[in-house]
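Just protein-v4.json here, JSON, C-alpha atoms and all ligand atoms:
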[["chain", "number", "residue", "atom", "x", "y", "z"],
["T", 1, "MET", "CA", -86.37, -142.10, -26.33],
["T", 2, "LYS", "CA", -83.80, -140.75, -23.93],
["T", 3, "SER", "CA", -83.43, -137.21, -22.68],
["T", 4, "GLY", "CA", -81.51, -135.33, -20.05],
["T", 5, "PHE", "CA", -79.35, -132.46, -18.96],
["T", 6, "VAL", "CA", -75.57, -132.74, -19.13],
["T", 7, "ILE", "CA", -73.29, -130.11, -17.71],
["T", 8, "LEU", "CA", -69.85, -129.23, -19.06],
["T", 9, "ALA", "CA", -67.68, -128.53, -16.05],
["T", 10, "GLY", "CA", -64.03, -127.68, -15.69],
["T", 11, "ARG", "CA", -61.75, -124.79, -14.96],
["T", 12, "SER", "CA", -61.54, -121.75, -17.14],
["T", 13, "ASN", "CA", -60.08, -122.03, -20.64],
["T", 14, "VAL", "CA", -60.02, -125.83, -20.96],
["T", 15, "GLY", "CA", -62.32, -125.78, -24.02],
["T", 16, "LYS", "CA", -65.85, -126.29, -22.61],
["T", 17, "SER", "CA", -67.50, -123.83, -24.96],
["T", 18, "THR", "CA", -65.55, -125.15, -27.94],
["T", 19, "LEU", "CA", -66.76, -128.62, -26.98],
["T", 20, "LEU", "CA", -70.38, -127.47, -26.66],
["T", 21, "ASN", "CA", -70.28, -125.96, -30.15],
["T", 22, "ALA", "CA", -68.64, -129.07, -31.60],
["T", 23, "LEU", "CA", -71.23, -131.35, -29.98],
["T", 24, "ILE", "CA", -74.12, -129.24, -31.29],
["T", 25, "GLY", "CA", -72.50, -128.58, -34.66],
["T", 26, "SER", "CA", -73.25, -124.88, -34.46],
["T", 27, "LYS", "CA", -71.72, -121.89, -32.70],
["T", 28, "VAL", "CA", -73.94, -121.49, -29.68],
["T", 29, "ALA", "CA", -71.35, -120.30, -27.18],
["T", 30, "ILE", "CA", -68.49, -117.85, -27.62],
["T", 31, "MET", "CA", -64.88, -119.01, -27.29],
["T", 32, "SER", "CA", -61.58, -117.27, -26.70],
["T", 33, "PRO", "CA", -58.04, -117.96, -25.50],
["T", 34, "LYS", "CA", -58.70, -115.72, -22.45],
["T", 35, "PRO", "CA", -59.97, -117.05, -19.12],
["T", 36, "GLN", "CA", -63.55, -116.32, -18.01],
["T", 37, "THR", "CA", -65.00, -116.08, -21.48],
["T", 38, "THR", "CA", -68.31, -117.74, -20.56],
["T", 39, "ARG", "CA", -70.48, -115.73, -18.18],
["T", 40, "HIS", "CA", -73.88, -117.39, -18.40],
["T", 41, "PRO", "CA", -74.72, -121.08, -18.33],
["T", 42, "VAL", "CA", -75.57, -121.41, -22.05],
["T", 43, "ARG", "CA", -77.65, -124.38, -23.19],
["T", 44, "GLY", "CA", -77.04, -126.24, -26.44],
["T", 45, "VAL", "CA", -79.47, -128.93, -27.63],
["T", 46, "LEU", "CA", -78.36, -132.12, -29.40],
["T", 47, "HIS", "CA", -81.11, -133.77, -31.45],
["T", 48, "ASP", "CA", -80.45, -137.42, -32.20],
["T", 49, "PRO", "CA", -82.55, -140.43, -33.25],
["T", 50, "ARG", "CA", -81.79, -141.89, -29.80],
["T", 51, "GLY", "CA", -83.17, -138.83, -27.99],
["T", 52, "GLN", "CA", -82.27, -135.33, -26.90],
["T", 53, "ILE", "CA", -79.35, -134.11, -24.82],
["T", 54, "VAL", "CA", -79.35, -130.61, -23.39],
["T", 55, "PHE", "CA", -75.75, -129.58, -22.75],
["T", 56, "VAL", "CA", -75.15, -126.78, -20.28],
["T", 57, "ASP", "CA", -71.92, -124.85, -20.77],
["T", 58, "THR", "CA", -70.76, -123.22, -17.56],
["T", 59, "PRO", "CA", -68.36, -120.44, -16.66],
["T", 60, "GLY", "CA", -65.03, -122.04, -15.79],
["T", 61, "LEU", "CA", -64.10, -122.23, -12.16],
["T", 62, "PHE", "CA", -61.57, -119.47, -11.73],
["T", 63, "LEU", "CA", -59.80, -118.70, -8.50],
["T", 64, "GLY", "CA", -57.61, -115.90, -9.84],
["T", 65, "GLN", "CA", -59.80, -112.94, -8.97],
["T", 66, "LYS", "CA", -61.91, -111.85, -6.06],
["T", 67, "ASP", "CA", -64.15, -109.39, -7.92],
["T", 68, "PRO", "CA", -67.96, -109.72, -7.76],
["T", 69, "VAL", "CA", -68.19, -111.18, -11.29],
["T", 70, "SER", "CA", -65.73, -114.01, -10.57],
["T", 71, "LYS", "CA", -67.42, -114.84, -7.28],
["T", 72, "LYS", "CA", -70.81, -114.94, -8.94],
["T", 73, "LEU", "CA", -69.49, -117.12, -11.77],
["T", 74, "ASN", "CA", -68.12, -119.66, -9.32],
["T", 75, "ASP", "CA", -71.47, -119.75, -7.51],
["T", 76, "LEU", "CA", -73.22, -120.30, -10.85],
["T", 77, "VAL", "CA", -71.03, -123.32, -11.55],
["T", 78, "LYS", "CA", -71.94, -124.88, -8.22],
["T", 79, "ALA", "CA", -75.65, -124.06, -8.61],
["T", 80, "SER", "CA", -75.81, -125.56, -12.10],
["T", 81, "LEU", "CA", -74.85, -128.99, -10.77],
["T", 82, "ASP", "CA", -78.35, -129.26, -9.30],
["T", 83, "GLY", "CA", -80.90, -131.39, -11.13],
["T", 84, "ILE", "CA", -78.68, -132.67, -13.91],
["T", 85, "ASP", "CA", -78.27, -136.19, -15.25],
["T", 86, "ALA", "CA", -74.56, -136.35, -16.10],
["T", 87, "ILE", "CA", -71.39, -134.29, -16.05],
["T", 88, "ILE", "CA", -68.66, -134.01, -18.65],
["T", 89, "TYR", "CA", -65.57, -133.03, -16.73],
["T", 90, "VAL", "CA", -63.31, -131.28, -19.25],
["T", 91, "VAL", "CA", -59.58, -131.02, -18.56],
["T", 92, "ASP", "CA", -56.67, -129.48, -20.45],
["T", 93, "PRO", "CA", -53.34, -131.37, -20.26],
["T", 94, "VAL", "CA", -51.42, -128.32, -21.49],
["T", 95, "ARG", "CA", -51.53, -126.65, -18.07],
["T", 96, "ALA", "CA", -50.58, -128.15, -14.69],
["T", 97, "PRO", "CA", -53.64, -129.15, -12.59],
["T", 98, "GLY", "CA", -53.18, -126.96, -9.48],
["T", 99, "GLU", "CA", -55.64, -125.69, -6.88],
["T", 100, "GLU", "CA", -58.58, -124.99, -9.22],
["T", 101, "GLU", "CA", -58.58, -128.58, -10.44],
["T", 102, "ALA", "CA", -58.50, -129.88, -6.85],
["T", 103, "GLN", "CA", -61.54, -127.73, -5.95],
["T", 104, "ILE", "CA", -63.50, -128.88, -8.99],
["T", 105, "GLN", "CA", -62.79, -132.52, -8.19],
["T", 106, "LYS", "CA", -64.05, -132.01, -4.65],
["T", 107, "MET", "CA", -67.25, -130.50, -6.04],
["T", 108, "LEU", "CA", -67.71, -133.30, -8.60],
["T", 109, "LYS", "CA", -67.23, -136.09, -6.10],
["T", 110, "ALA", "CA", -69.87, -134.51, -3.84],
["T", 111, "ALA", "CA", -72.35, -134.10, -6.71],
["T", 112, "ASN", "CA", -73.33, -137.80, -6.92],
["T", 113, "VAL", "CA", -74.04, -137.64, -10.67],
["T", 114, "PRO", "CA", -72.43, -139.87, -13.35],
["T", 115, "ILE", "CA", -69.26, -138.26, -14.72],
["T", 116, "ILE", "CA", -67.40, -138.65, -18.00],
["T", 117, "LEU", "CA", -63.83, -137.39, -17.96],
["T", 118, "ALA", "CA", -62.90, -135.67, -21.23],
["T", 119, "VAL", "CA", -59.18, -135.04, -21.66],
["T", 120, "ASN", "CA", -59.21, -132.33, -24.32],
["T", 121, "LYS", "CA", -56.78, -131.05, -26.98],
["T", 122, "LYS", "CA", -55.85, -134.45, -28.38],
["T", 123, "ASP", "CA", -54.96, -132.65, -31.63],
["T", 124, "LEU", "CA", -51.79, -131.30, -29.97],
["T", 125, "THR", "CA", -48.56, -133.31, -29.82],
["T", 126, "GLU", "CA", -47.60, -135.12, -26.59],
["T", 127, "GLU", "CA", -44.85, -132.52, -26.03],
["T", 128, "GLN", "CA", -47.49, -129.80, -26.12],
["T", 129, "ARG", "CA", -49.50, -131.70, -23.49],
["T", 130, "PRO", "CA", -46.89, -132.21, -20.75],
["T", 131, "HIS", "CA", -49.46, -133.00, -18.05],
["T", 132, "LEU", "CA", -51.25, -135.75, -19.95],
["T", 133, "GLU", "CA", -50.36, -138.54, -17.50],
["T", 134, "GLU", "CA", -51.53, -136.56, -14.46],
["T", 135, "PHE", "CA", -54.89, -135.96, -16.13],
["T", 136, "ARG", "CA", -55.20, -139.54, -17.36],
["T", 137, "ALA", "CA", -54.77, -140.63, -13.75],
["T", 138, "ILE", "CA", -57.70, -138.55, -12.43],
["T", 139, "ASP", "CA", -60.20, -140.57, -10.46],
["T", 140, "VAL", "CA", -63.44, -138.81, -9.56],
["T", 141, "GLY", "CA", -65.37, -142.08, -9.78],
["T", 142, "GLN", "CA", -66.12, -141.44, -13.47],
["T", 143, "GLU", "CA", -68.15, -143.84, -15.63],
["T", 144, "GLY", "CA", -65.60, -143.50, -18.40],
["T", 145, "SER", "CA", -62.69, -141.44, -19.73],
["T", 146, "VAL", "CA", -62.25, -140.21, -23.29],
["T", 147, "GLU", "CA", -59.43, -138.35, -24.99],
["T", 148, "ILE", "CA", -60.98, -135.83, -27.34],
["T", 149, "SER", "CA", -60.32, -132.80, -29.44],
["T", 150, "ALA", "CA", -63.07, -130.20, -29.24],
["T", 151, "ARG", "CA", -61.27, -128.40, -32.03],
["T", 152, "THR", "CA", -61.27, -131.26, -34.58],
["T", 153, "GLY", "CA", -64.23, -133.20, -33.19],
["T", 154, "ALA", "CA", -62.13, -136.34, -32.60],
["T", 155, "ASN", "CA", -63.83, -138.93, -30.37],
["T", 156, "LEU", "CA", -66.85, -136.77, -29.57],
["T", 157, "ASN", "CA", -69.05, -139.64, -30.78],
["T", 158, "LEU", "CA", -67.68, -141.73, -27.88],
["T", 159, "ILE", "CA", -68.95, -139.14, -25.41],
["T", 160, "VAL", "CA", -72.37, -139.00, -27.03],
["T", 161, "ASN", "CA", -72.66, -142.83, -27.13],
["T", 162, "LYS", "CA", -71.73, -143.07, -23.47],
["T", 163, "LEU", "CA", -74.26, -140.38, -22.55],
["T", 164, "PHE", "CA", -77.08, -142.17, -24.31],
["T", 165, "GLU", "CA", -76.24, -145.23, -22.18],
["T", 166, "LEU", "CA", -76.34, -143.16, -19.00],
["T", 167, "LEU", "CA", -79.36, -140.92, -19.58],
["T", 168, "PRO", "CA", -82.86, -141.82, -18.42],
["T", 169, "GLU", "CA", -85.83, -142.44, -20.73],
["T", 170, "GLY", "CA", -87.79, -139.25, -21.24],
["T", 171, "GLU", "CA", -89.52, -136.77, -23.51],
["T", 172, "PRO", "CA", -87.52, -134.08, -25.32],
["T", 173, "PHE", "CA", -87.28, -130.69, -23.55],
["T", 174, "TYR", "CA", -86.94, -128.53, -26.66],
["T", 175, "PRO", "CA", -88.67, -128.52, -30.06],
["T", 176, "ASP", "CA", -86.87, -130.16, -33.00],
["T", 177, "LEU", "CA", -85.16, -127.16, -34.51],
["T", 178, "GLN", "CA", -84.12, -125.30, -31.39],
["T", 179, "LEU", "CA", -80.37, -125.42, -30.77],
["T", 180, "THR", "CA", -79.99, -123.06, -27.82],
["T", 181, "ASP", "CA", -81.85, -121.17, -25.10],
["T", 182, "LEU", "CA", -80.20, -117.85, -25.98],
["T", 183, "THR", "CA", -82.38, -115.21, -27.63],
["T", 184, "ASN", "CA", -81.05, -113.53, -30.78],
["T", 185, "SER", "CA", -80.16, -110.45, -28.83],
["T", 186, "GLN", "CA", -78.35, -112.41, -26.11],
["T", 187, "TRP", "CA", -76.37, -114.28, -28.75],
["T", 188, "LEU", "CA", -75.53, -111.05, -30.50],
["T", 189, "SER", "CA", -74.27, -109.46, -27.27],
["T", 190, "GLU", "CA", -72.14, -112.55, -26.72],
["T", 191, "LEU", "CA", -70.71, -112.36, -30.23],
["T", 192, "ILE", "CA", -69.71, -108.73, -29.68],
["T", 193, "ARG", "CA", -68.15, -109.64, -26.35],
["T", 194, "GLU", "CA", -66.18, -112.43, -28.03],
["T", 195, "LYS", "CA", -64.77, -110.01, -30.59],
["T", 196, "CYS", "CA", -63.79, -107.65, -27.75],
["T", 197, "PHE", "CA", -61.98, -110.53, -26.03],
["T", 198, "LEU", "CA", -60.14, -111.41, -29.21],
["T", 199, "ALA", "CA", -59.14, -107.82, -29.96],
["T", 200, "LEU", "CA", -58.17, -106.66, -26.49],
["T", 201, "ASN", "CA", -55.37, -107.39, -24.05],
["T", 202, "GLN", "CA", -55.35, -109.67, -21.05],
["T", 203, "GLU", "CA", -56.74, -107.56, -18.20],
["T", 204, "LEU", "CA", -59.58, -105.97, -20.09],
["T", 205, "PRO", "CA", -62.04, -108.78, -20.88],
["T", 206, "TYR", "CA", -63.45, -109.11, -17.35],
["T", 207, "SER", "CA", -64.32, -105.44, -17.52],
["T", 208, "VAL", "CA", -66.52, -105.62, -20.59],
["T", 209, "HIS", "CA", -70.28, -105.95, -20.71],
["T", 210, "VAL", "CA", -72.35, -105.71, -23.91],
["T", 211, "HIS", "CA", -75.97, -104.70, -24.40],
["T", 212, "VAL", "CA", -77.84, -104.67, -27.73],
["T", 213, "GLU", "CA", -79.98, -101.51, -27.87],
["T", 214, "SER", "CA", -81.74, -102.11, -31.16],
["T", 215, "ASP", "CA", -81.83, -104.69, -33.92],
["T", 216, "GLU", "CA", -84.06, -103.76, -36.85],
["T", 217, "ARG", "CA", -84.59, -105.24, -40.25],
["T", 218, "ASP", "CA", -84.94, -103.13, -43.36],
["T", 219, "GLY", "CA", -85.33, -105.63, -46.22],
["T", 220, "ARG", "CA", -82.03, -107.53, -46.39],
["T", 221, "LEU", "CA", -80.31, -104.90, -44.29],
["T", 222, "ARG", "CA", -80.11, -105.42, -40.55],
["T", 223, "ARG", "CA", -79.32, -102.36, -38.43],
["T", 224, "ILE", "CA", -77.88, -103.07, -35.01],
["T", 225, "THR", "CA", -76.81, -100.69, -32.28],
["T", 226, "ALA", "CA", -75.03, -101.96, -29.21],
["T", 227, "VAL", "CA", -73.29, -100.49, -26.19],
["T", 228, "ILE", "CA", -70.06, -101.87, -24.80],
["T", 229, "THR", "CA", -69.86, -100.94, -21.13],
["T", 230, "THR", "CA", -66.61, -100.97, -19.25],
["T", 231, "SER", "CA", -65.75, -100.19, -15.65],
["T", 232, "GLU", "CA", -63.04, -97.52, -16.10],
["T", 233, "GLU", "CA", -62.36, -94.50, -18.27],
["T", 234, "ARG", "CA", -58.89, -95.81, -19.24],
["T", 235, "TYR", "CA", -60.46, -99.05, -20.50],
["T", 236, "LYS", "CA", -62.81, -97.05, -22.66],
["T", 237, "GLY", "CA", -59.77, -95.50, -24.33],
["T", 238, "MET", "CA", -58.27, -98.95, -24.91],
["T", 239, "ILE", "CA", -61.47, -100.32, -26.44],
["T", 240, "ILE", "CA", -61.81, -97.38, -28.80],
["T", 241, "GLY", "CA", -58.09, -97.27, -29.60],
["T", 242, "LYS", "CA", -56.07, -94.67, -31.49],
["T", 243, "GLY", "CA", -58.23, -93.02, -34.13],
["T", 244, "ALA", "CA", -61.03, -95.45, -33.13],
["T", 245, "GLN", "CA", -59.02, -98.23, -34.80],
["T", 246, "LYS", "CA", -59.70, -100.88, -32.15],
["T", 247, "LEU", "CA", -63.44, -100.32, -32.11],
["T", 248, "LYS", "CA", -63.48, -100.49, -35.87],
["T", 249, "GLU", "CA", -61.59, -103.81, -35.75],
["T", 250, "ILE", "CA", -64.13, -105.20, -33.24],
["T", 251, "GLY", "CA", -67.07, -103.97, -35.35],
["T", 252, "THR", "CA", -65.67, -105.44, -38.55],
["T", 253, "ALA", "CA", -65.10, -108.84, -36.93],
["T", 254, "VAL", "CA", -68.69, -108.91, -35.60],
["T", 255, "ARG", "CA", -70.15, -107.82, -38.92],
["T", 256, "ARG", "CA", -68.15, -110.37, -40.94],
["T", 257, "GLU", "CA", -69.21, -113.29, -38.78],
["T", 258, "LEU", "CA", -72.82, -112.18, -38.61],
["T", 259, "GLU", "CA", -73.03, -111.66, -42.36],
["T", 260, "SER", "CA", -71.58, -115.10, -43.03],
["T", 261, "VAL", "CA", -73.95, -116.81, -40.56],
["T", 262, "THR", "CA", -77.15, -114.99, -41.55],
["T", 263, "GLY", "CA", -76.57, -113.96, -45.16],
["T", 264, "ASP", "CA", -77.92, -110.51, -44.22],
["T", 265, "LYS", "CA", -76.19, -107.23, -44.88],
["T", 266, "ILE", "CA", -75.29, -105.81, -41.47],
["T", 267, "PHE", "CA", -75.02, -102.20, -40.41],
["T", 268, "LEU", "CA", -73.52, -102.15, -36.93],
["T", 269, "GLN", "CA", -73.09, -99.19, -34.66],
["T", 270, "LEU", "CA", -71.03, -99.69, -31.50],
["T", 271, "GLN", "CA", -70.84, -97.23, -28.64],
["T", 272, "VAL", "CA", -68.58, -97.41, -25.58],
["T", 273, "ASP", "CA", -69.77, -96.32, -22.12],
["T", 274, "VAL", "CA", -68.21, -96.24, -18.67],
["T", 275, "ASP", "CA", -70.08, -97.55, -15.64],
["T", 276, "PRO", "CA", -67.92, -98.49, -12.64],
["T", 277, "LYS", "CA", -70.91, -100.24, -11.09],
["T", 278, "TRP", "CA", -71.64, -102.75, -13.86],
["T", 279, "PRO", "CA", -69.75, -105.69, -12.26],
["T", 280, "GLN", "CA", -71.83, -105.37, -9.08],
["T", 281, "ARG", "CA", -75.01, -104.90, -11.09],
["T", 282, "PHE", "CA", -74.15, -108.00, -13.14],
["T", 283, "ALA", "CA", -73.58, -110.03, -9.99],
["T", 284, "ASP", "CA", -76.86, -108.81, -8.45],
["T", 285, "ALA", "CA", -78.84, -109.59, -11.60],
["T", 286, "GLN", "CA", -77.80, -113.26, -11.77],
["T", 301, "LIG", "N1", -55.59, -127.12, -29.65],
["T", 301, "LIG", "C1", -56.81, -127.11, -29.12],
["T", 301, "LIG", "N2", -57.29, -125.97, -28.59],
["T", 301, "LIG", "C2", -58.54, -125.97, -28.07],
["T", 301, "LIG", "C3", -59.35, -127.14, -28.07],
["T", 301, "LIG", "N3", -60.53, -126.83, -27.46],
["T", 301, "LIG", "C4", -60.45, -125.53, -27.13],
["T", 301, "LIG", "N4", -59.26, -125.00, -27.49],
["T", 301, "LIG", "C5", -58.81, -123.61, -27.29],
["T", 301, "LIG", "O1", -58.79, -123.31, -25.91],
["T", 301, "LIG", "C6", -59.17, -121.93, -25.68],
["T", 301, "LIG", "C7", -60.30, -121.86, -24.69],
["T", 301, "LIG", "O2", -61.48, -122.41, -25.27],
["T", 301, "LIG", "P1", -62.93, -122.12, -24.67],
["T", 301, "LIG", "O3", -63.84, -123.08, -25.35],
["T", 301, "LIG", "O4", -63.27, -120.67, -24.75],
["T", 301, "LIG", "O5", -62.70, -122.54, -23.15],
["T", 301, "LIG", "P2", -63.73, -122.54, -21.91],
["T", 301, "LIG", "O6", -63.41, -123.74, -21.10],
["T", 301, "LIG", "O7", -65.11, -122.42, -22.41],
["T", 301, "LIG", "O8", -63.28, -121.23, -21.13],
["T", 301, "LIG", "P3", -64.16, -120.31, -20.10],
["T", 301, "LIG", "O9", -65.42, -119.94, -20.77],
["T", 301, "LIG", "O10", -63.28, -119.14, -19.86],
["T", 301, "LIG", "O11", -64.35, -121.13, -18.88],
["T", 301, "LIG", "C8", -59.54, -121.38, -27.06],
["T", 301, "LIG", "O12", -58.43, -120.64, -27.53],
["T", 301, "LIG", "C9", -59.81, -122.61, -27.89],
["T", 301, "LIG", "O13", -59.56, -122.41, -29.26],
["T", 301, "LIG", "C10", -58.80, -128.34, -28.65],
["T", 301, "LIG", "O14", -59.41, -129.42, -28.72],
["T", 301, "LIG", "N5", -57.53, -128.25, -29.16],
["T", 302, "MG", "MG", -66.50, -120.98, -22.10]]

Please go through the file and, once you have read it, give me the structure as structure tokens.
Amino acid sequence: MKSGFVILAGRSNVGKSTLLNALIGSKVAIMSPKPQTTRHPVRGVLHDPRGQIVFVDTPGLFLGQKDPVSKKLNDLVKASLDGIDAIIYVVDPVRAPGEEEAQIQKMLKAANVPIILAVNKKDLTEEQRPHLEEFRAIDVGQEGSVEISARTGANLNLIVNKLFELLPEGEPFYPDLQLTDLTNSQWLSELIREKCFLALNQELPYSVHVHVESDERDGRLRRITAVITTSEERYKGMIIGKGAQKLKEIGTAVRRELESVTGDKIFLQLQVDVDPKWPQRFADAQ
């Protein structure tokens, strides 16, 4: 049997988390059209007759902001390259490569780990992927290149086959049924954060942190209370919205998804708090 750790690396918003979920066949990581969605290196476990692959989804490298959260996220990406068996380098031919891509490639070349280049979003037309040729031409010394769609699952089997060739023999790291290293409460916080990202405008997402305060079962009813913390008073107003409409929209989206995944009836109470120090606290806690 084979086993090993494989990291998903690439700049922000290229589809790493979408790819992780598609590879695992279950929603382990949250996804959104906004940059910097992923904040923790989330693990997803693929169980296969050939062995076990532990995929590590990372925060995208993001040079846009100099706040403590972004800096910490970039450090996390670099640190997670330690002790892994292979890298899937995910790129998005919709956007021009630029400085972030150059930095990632420098990091990857220095890592001395087998790389598979995954050119994502194959489901889009060639016109929608104007930078396809530039990305096809990337040479980071990769073992192979695959054009995939994380959204439709196209060609993901080619990645998995290649990985089983590359990975060492070894015992599985996780028990048979375990798909992720996130606890229920961590996953729940992430789900709430995803719904915030989807409901809110561009500048807000980096300023949102979610903590689940309680999660109790009462027969088939599950009662959850969670606090959404943001760094400024004006953001709090935006999250709550006129007549609490926005917060209601976020709550409904969380409840719907949770009910469909678990089959439970969900009672969800969301509260919004302001704490200007949370970004620094987040960075310190990592
Ligand atoms: N058309 C298309 N869109 C995709 C595909 N994969 C991901 N996306 C979209 O790209 C956006 C970003 O996806 P994520 O999976 O959150 O990207 P990420 O690389 O994890 O981003 P960060 O966590 O911010 O680093 C989302 O809107 C996805 O729906 C794909 O194969 N095709
Ligand atoms: Mg992500």

Selection as a compact mmCIF listing (two decimals) with C-alpha atoms, in the coordinates of the input: residues within 8 Å of ligand MG 302 (chain T) by only C-alpha atoms and all ligand atoms:
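The file below, result_12.txt, is the result:
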# COMPACT_ATOMS: atom_id res chain seq x y z
CA SER T 12 -61.54 -121.75 -17.14
CA ASN T 13 -60.08 -122.03 -20.64
CA GLY T 15 -62.32 -125.78 -24.02
CA LYS T 16 -65.85 -126.29 -22.61
CA SER T 17 -67.50 -123.83 -24.96
CA THR T 18 -65.55 -125.15 -27.94
CA ALA T 29 -71.35 -120.30 -27.18
CA ILE T 30 -68.49 -117.85 -27.62
CA MET T 31 -64.88 -119.01 -27.29
CA SER T 32 -61.58 -117.27 -26.70
CA GLN T 36 -63.55 -116.32 -18.01
CA THR T 37 -65.00 -116.08 -21.48
CA THR T 38 -68.31 -117.74 -20.56
CA ARG T 39 -70.48 -115.73 -18.18
CA ASP T 57 -71.92 -124.85 -20.77
CA THR T 58 -70.76 -123.22 -17.56
CA PRO T 59 -68.36 -120.44 -16.66
CA GLY T 60 -65.03 -122.04 -15.79

Could you please determine the separation between CA of Ile240 (chain T) and CA of Asp215 (chain T) in Å, to one decimal place?
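Between CA of Ile240 (chain T) and CA of Asp215 (chain T) the gap is 21.9 Å.
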
Length of the CA of Pro49 (chain T) to atom O4 of ligand LIG 301 (chain T) vector [Å]:
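The value is 28.9 Å.
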
So that I can check the surroundings of Arg129 (chain T), please list as number ranges by chain every protein, DNA and RNA residue that reaches within 9 Å of it, counting only C-alpha atoms and ignoring chain neighbours fewer than 6 positions away.
T: 92-95, 121-122

Just checking: using all atoms listed in the file, which residue out of T:Lys277, T:Lys71, T:Arg255, T:Lys162 ends up closest to His209 (chain T)?
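Of the candidates, the smallest distance to His209 (chain T) is held by T:Lys277.
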
Please compute the CA of Ala96 (chain T)-CA of Ala283 (chain T) distance, one decimal, in Å.
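Atom-to-atom, CA of Ala96 (chain T) to CA of Ala283 (chain T), that is 29.7 Å.
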
List every residue of region 172-245 of chain T that has an atom at most 12 Å from any atom of region 1-10 of chain T, and for each one report the closest atom pair and its distance in Å to one decimal, counting all atoms listed in the file, with rows sorted by chain and then by increasing residue number, as CSV.
residue,atom,partner,partner_atom,distance
T:Pro172,CA,T:Ser3,CA,5.8
T:Phe173,CA,T:Ser3,CA,7.6
T:Tyr174,CA,T:Ser3,CA,10.2

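The shortest atom-to-atom distance to Val91 (chain T), with only C-alpha atoms taken into account, belongs to T:Gln105 out of T:Gln105, T:Thr152, T:Gln245, T:Ser189.
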
Applying 9 Å and only C-alpha atoms, which residues near Met238 (chain T) remain after dropping the ones on its own chain fewer than 5 positions away? List them as a VMD selection string.
chain T and resid 200 to 201 204 233 246 to 247

Work out where the centre of an axis-aligned box around every listed atom of ligand LIG 301 (chain T) lies and how long its edges are once 6 Å is added on each side; give both in Å to one decimal as JSON.
{"center_x": -60.5, "center_y": -124.3, "center_z": -24.3, "size_x": 21.8, "size_y": 22.3, "size_z": 22.8}

Counting only C-alpha atoms, I want the residues whose atoms come within 8 Å of (-68.3, -107.8, -28.7) in the file frame, returned as a PyMOL selection string.
chain T and resi 189-197+210+228+250-251+254

For Gly153 (chain T), list every protein, DNA or RNA residue within 12 Å, evaluated using all atoms listed in the file, and leave out those in the same chain fewer than 6 positions away; present the list as JSON, numbers by chain.
{"T": [15, 18, 19, 20, 21, 22, 23, 24, 25, 120, 121, 122, 123, 147, 159, 160]}

Which of these residues is nearest to Glu232 (chain T), using all atoms listed in the file: T:Gly170, T:Pro276, T:Pro114, T:Pro33?
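Nearest to Glu232 (chain T): T:Pro276.
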
Might you pull out every residue within 10 Å of Pro279 (chain T), with all atoms listed in the file counted and same-chain residues fewer than 3 positions away left off, and present them as a PDB file with C-alpha atoms, in the coordinates of the input?
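Okay, this is what ended up in around-v3.pdb:
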ATOM      1  CA  ASP T  67     -64.150-109.390  -7.920  1.00  0.00           C
ATOM      2  CA  PRO T  68     -67.960-109.720  -7.760  1.00  0.00           C
ATOM      3  CA  VAL T  69     -68.190-111.180 -11.290  1.00  0.00           C
ATOM      4  CA  SER T  70     -65.730-114.010 -10.570  1.00  0.00           C
ATOM      5  CA  LYS T  72     -70.810-114.940  -8.940  1.00  0.00           C
ATOM      6  CA  TYR T 206     -63.450-109.110 -17.350  1.00  0.00           C
ATOM      7  CA  SER T 207     -64.320-105.440 -17.520  1.00  0.00           C
ATOM      8  CA  VAL T 208     -66.520-105.620 -20.590  1.00  0.00           C
ATOM      9  CA  HIS T 209     -70.280-105.950 -20.710  1.00  0.00           C
ATOM     10  CA  THR T 230     -66.610-100.970 -19.250  1.00  0.00           C
ATOM     11  CA  SER T 231     -65.750-100.190 -15.650  1.00  0.00           C
ATOM     12  CA  ASP T 275     -70.080 -97.550 -15.640  1.00  0.00           C
ATOM     13  CA  PRO T 276     -67.920 -98.490 -12.640  1.00  0.00           C
ATOM     14  CA  PHE T 282     -74.150-108.000 -13.140  1.00  0.00           C
ATOM     15  CA  ALA T 283     -73.580-110.030  -9.990  1.00  0.00           C
ATOM     16  CA  ASP T 284     -76.860-108.810  -8.450  1.00  0.00           C
ATOM     17  CA  ALA T 285     -78.840-109.590 -11.600  1.00  0.00           C
TER      18      ALA T 285
END

Option closest in space to Leu177 (chain T), from T:Met107, T:Leu46, T:Val14, T:Val56 [counting all atoms listed in the file]
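Nearest candidate to Leu177 (chain T) out of T:Met107, T:Leu46, T:Val14, T:Val56: T:Leu46.
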
Counting all atoms listed in the file, the residue of T:Glu249, T:Glu143, T:Asp181, T:Asp85 that sits nearest Val45 (chain T)
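Closest to Val45 (chain T), using all atoms listed in the file: T:Asp181.
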